[in-house]
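Participant: For reference, the structure I am asking about is given below.
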Amino acid sequence: MASALRVLINGGGIGGLALATALARRGHTVEVAEIRAEATALGVGIIQPSNALHVMGELGVLDECLAAGFAWEFLTIADPAGNTLARIPQPRMGDAPPSNGIPRAALATILGGAAAAAGARVRSGTTVTELDDDGAGVTVTLSDGSTGRWDLVVGFDGIGSPLRTRLYGDRYTPAYTGFANWRATVPRHPDVRGVVMATAGQEAKALLTPITDELMYLGAVFAEAEDFRPDPERAHEELAKRLAPFSGPVAEALAAVTDPSAVVYSRISQVTVDEPWHVGRVVLAGDAAHASTPHLAQGAAMAVEDALVLAESLDAADSVPTALEAWEARRRPRAMWVQAMSRAVLKQEMGAPTTPEEDALLEVGIPGAAHVLAKPY
C-alpha cells in the first residue's frame, strides 16, 4: 500500500494485538477496541506450535515468549498410569523452536506491550456498535459514543463475534460439537517436559502441558450434554470422577486441584463462515471467521497467521479490497484444512463416527499434520 491506512481492530485478544503490532510497525494508524474493561486473558495456558512461534519472531517478541513460557521438542503419548508409549518429535518452522507453552496472561501482556510500543492505541471497555461503509471508508460508532472514520475494520472478536452477526445475521452461529474442555493450572511435575497425552480407551483423554518452569495445566475432553454446566461448588470433584481411570502424573496433577473455581470449563464449538470473510472494507479473522476445535493446538496459531498475512497483503496490494481478496485466497485453504483435520481428530479420539473425508484426513495423522503446518503459511 502506497500510503498509510487508518485501521480499527474490534477485539484485543491474541489475533487482534498481533495485527495491531504488525500494522503499527508498518506505519499505519491503528486502534483496538476491546470490550473488556481490563486486559485480562481468559483461560489458563496456551500451546504455541512452531508456526505460531515463527509469527512471534516476525513480530519481534519470540524471545519474550520463550522466556515467559516453557519450550519443548517432543509430544509424549502415555498410558493411564503415565508410562511412555511413544515420543514424537515436533517439527520446526525456520529457526523457531518446535513448541512453547505459555500462560495466556503472559502472552497477552507481551502482545499488548508490543502493540503499544509500535504505536497502536488500545481502548478498553468499548466495542463497535454501528458501521457505515460507503465504499471509500467506514464510519464507526463505538459503545462509548465515540465515532471515527477508518480505511479498514477488522473483526478479531472471537467465536461469538458480534461483528460477524452484524455482517451475516444468524447464518454462522457457533456449532457445539458435543464435547467440552476441562482445564486447571497446577504445579509442573518434574517429568513433564513437554505435552504428555494420556488416554484411557476412547472415553477419556488427559493432557499435561508445561507453561512455565513451575506450572503446567491439566486438560481433559469429554462428551457433555449441550446444557450441562459443572456445579461451581463441586467442579473439581466432577473432574476427578471423569479422570478416575488415570494414575501417575495425571492423578498427581488432579490431586492439586482442590479449589472448584480453579477449574475452567468450556464447550468445544466451531464456526465456518462459508461466504467471503470480508464485506466491503470490513473483514473477519481468527475465530470470528473459522473457529476450530483445539485438537491440533492451532486456534491461536491460525489467528496470528491471519494477522501477519493480512499485514503483508496490505503491503503488496494497491487497494484495500484487493488486499482482502488476496489475503483470503491465502488463508482460507489452510484455516479450513486445520478446522476439518482438528474436528476429525476429536471424533477419532472420542470414538465418534467419522465421514470418508475425515478418514482420509486421519491417514495423515497428528504428526503428519504438524509437519504440514510447519511449512510456510
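Following the order of the C-alpha cells, chains are lettered A, B, ..., residues in each are numbered from 1, and ligands are numbered from 1.
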From a backbone DSSP assignment, name each residue in stretch 146-274 of chain A labelled strand (DSSP E), as a PDB file with C-alpha atoms, in the first residue's frame.
Facilitator:
```pdb
ATOM      1  CA  THR A 147     -17.121   7.927  16.262  1.00  0.00           C
ATOM      2  CA  GLY A 148     -14.350   7.704  13.700  1.00  0.00           C
ATOM      3  CA  ARG A 149     -13.666   7.017  10.057  1.00  0.00           C
ATOM      4  CA  TRP A 150     -11.446   4.128   9.023  1.00  0.00           C
ATOM      5  CA  LEU A 152     -10.406  -0.861   7.210  1.00  0.00           C
ATOM      6  CA  VAL A 153     -12.246  -2.509  10.114  1.00  0.00           C
ATOM      7  CA  VAL A 154     -11.081  -5.958  11.273  1.00  0.00           C
ATOM      8  CA  GLY A 155     -13.173  -8.225  13.477  1.00  0.00           C
ATOM      9  CA  ALA A 175     -21.996 -25.081  16.408  1.00  0.00           C
ATOM     10  CA  TYR A 176     -21.485 -27.217  19.521  1.00  0.00           C
ATOM     11  CA  THR A 177     -19.513 -30.393  18.807  1.00  0.00           C
ATOM     12  CA  GLY A 178     -20.928 -32.395  21.718  1.00  0.00           C
ATOM     13  CA  PHE A 179     -17.645 -32.254  23.643  1.00  0.00           C
ATOM     14  CA  ALA A 180     -16.209 -29.938  26.275  1.00  0.00           C
ATOM     15  CA  ASN A 181     -12.814 -28.975  27.694  1.00  0.00           C
ATOM     16  CA  TRP A 182     -11.907 -29.105  31.393  1.00  0.00           C
ATOM     17  CA  ARG A 183      -8.668 -27.345  32.423  1.00  0.00           C
ATOM     18  CA  ALA A 184      -6.839 -26.332  35.581  1.00  0.00           C
ATOM     19  CA  THR A 185      -3.407 -24.870  36.309  1.00  0.00           C
ATOM     20  CA  VAL A 186      -1.286 -26.984  38.678  1.00  0.00           C
ATOM     21  CA  PRO A 187       2.385 -27.243  39.745  1.00  0.00           C
ATOM     22  CA  VAL A 196       2.007 -35.550  27.729  1.00  0.00           C
ATOM     23  CA  MET A 197      -1.164 -37.025  26.248  1.00  0.00           C
ATOM     24  CA  ALA A 198      -2.556 -39.941  28.246  1.00  0.00           C
ATOM     25  CA  THR A 199      -5.557 -41.925  27.067  1.00  0.00           C
ATOM     26  CA  ALA A 200      -7.852 -44.446  28.728  1.00  0.00           C
ATOM     27  CA  ALA A 204     -11.107 -40.292  28.398  1.00  0.00           C
ATOM     28  CA  LYS A 205      -8.081 -38.264  27.354  1.00  0.00           C
ATOM     29  CA  ALA A 206      -5.922 -36.088  29.581  1.00  0.00           C
ATOM     30  CA  LEU A 207      -3.190 -33.616  28.666  1.00  0.00           C
ATOM     31  CA  LEU A 208      -0.389 -32.253  30.808  1.00  0.00           C
ATOM     32  CA  THR A 209       1.102 -29.121  29.262  1.00  0.00           C
ATOM     33  CA  PRO A 210       4.020 -27.209  30.821  1.00  0.00           C
ATOM     34  CA  LEU A 215       3.421 -24.531  36.259  1.00  0.00           C
ATOM     35  CA  MET A 216       1.555 -26.774  33.848  1.00  0.00           C
ATOM     36  CA  TYR A 217      -2.084 -27.204  33.027  1.00  0.00           C
ATOM     37  CA  LEU A 218      -4.184 -30.314  33.248  1.00  0.00           C
ATOM     38  CA  GLY A 219      -6.637 -30.592  30.375  1.00  0.00           C
ATOM     39  CA  ALA A 220      -9.315 -33.161  29.609  1.00  0.00           C
ATOM     40  CA  VAL A 221     -12.000 -33.589  26.938  1.00  0.00           C
ATOM     41  CA  PHE A 222     -15.278 -35.436  27.480  1.00  0.00           C
ATOM     42  CA  ALA A 223     -18.624 -35.757  25.758  1.00  0.00           C
ATOM     43  CA  VAL A 264     -12.090 -23.793  33.654  1.00  0.00           C
ATOM     44  CA  TYR A 265     -14.911 -25.460  31.729  1.00  0.00           C
ATOM     45  CA  SER A 266     -15.647 -24.590  28.106  1.00  0.00           C
ATOM     46  CA  ARG A 267     -17.784 -26.193  25.456  1.00  0.00           C
ATOM     47  CA  ILE A 268     -15.990 -27.005  22.203  1.00  0.00           C
ATOM     48  CA  SER A 269     -17.719 -25.309  19.292  1.00  0.00           C
ATOM     49  CA  GLN A 270     -16.698 -24.310  15.811  1.00  0.00           C
TER      50      GLN A 270
END
```
Participant: Give me the residues within 9 Å of A:Met302 as a PDB file with C-alpha atoms, in the first residue's frame, counting only C-alpha atoms and dropping any in the same chain fewer than 6 places off.
Facilitator:
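Result file part.pdb:
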```
ATOM      1  CA  GLY A  15      -5.002 -12.110  16.994  1.00  0.00           C
ATOM      2  CA  ASN A  51       4.271 -21.804  13.116  1.00  0.00           C
ATOM      3  CA  ALA A  52       2.880 -19.559  15.873  1.00  0.00           C
ATOM      4  CA  GLY A 286      -9.343 -15.726  13.580  1.00  0.00           C
ATOM      5  CA  ASP A 287     -12.131 -17.454  15.496  1.00  0.00           C
ATOM      6  CA  HIS A 290     -13.053 -20.007  11.272  1.00  0.00           C
ATOM      7  CA  ARG A 331      -5.721 -18.035   4.358  1.00  0.00           C
ATOM      8  CA  ARG A 334      -5.111 -23.514   5.354  1.00  0.00           C
ATOM      9  CA  ALA A 335      -7.643 -22.482   8.000  1.00  0.00           C
ATOM     10  CA  VAL A 338      -6.992 -27.116  10.135  1.00  0.00           C
TER      11      VAL A 338
END
```
Participant: With only C-alpha atoms as the basis for distance, which of A:Phe70, A:Trp277, A:Trp337, A:Phe246 is at the shortest distance from A:Val372?
Facilitator: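 Distance minimum relative to A:Val372 lands on A:Trp337.
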Participant: Name the residues of stretch 2-166 of chain A that come out as helix (DSSP H, G or I) in a backbone DSSP run; write them as a VMD selection string.
Facilitator: chain A and resid 14 to 25 50 to 58 62 to 68 104 to 118 162 to 166
Participant: Determine the nearest neighbour of A:Ser319 from the options A:Val257, A:Val345, A:Gly280, A:Ala37, counting only C-alpha atoms.
Facilitator: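 Between A:Val257, A:Val345, A:Gly280, A:Ala37, the residue approaching A:Ser319 most closely is A:Gly280.
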Participant: When you count only C-alpha atoms, which of these residues is closest to A:Leu53: A:Asp144, A:Glu233, A:Glu203, A:Glu305?
Facilitator: A:Glu305
Participant: Quick check, in Å to one decimal: how far apart do atom CA of A:Val44 and atom CA of A:Ile366 lie?
Facilitator: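 Spanning atom CA of A:Val44 to atom CA of A:Ile366 is a straight-line distance of 23.2 Å.
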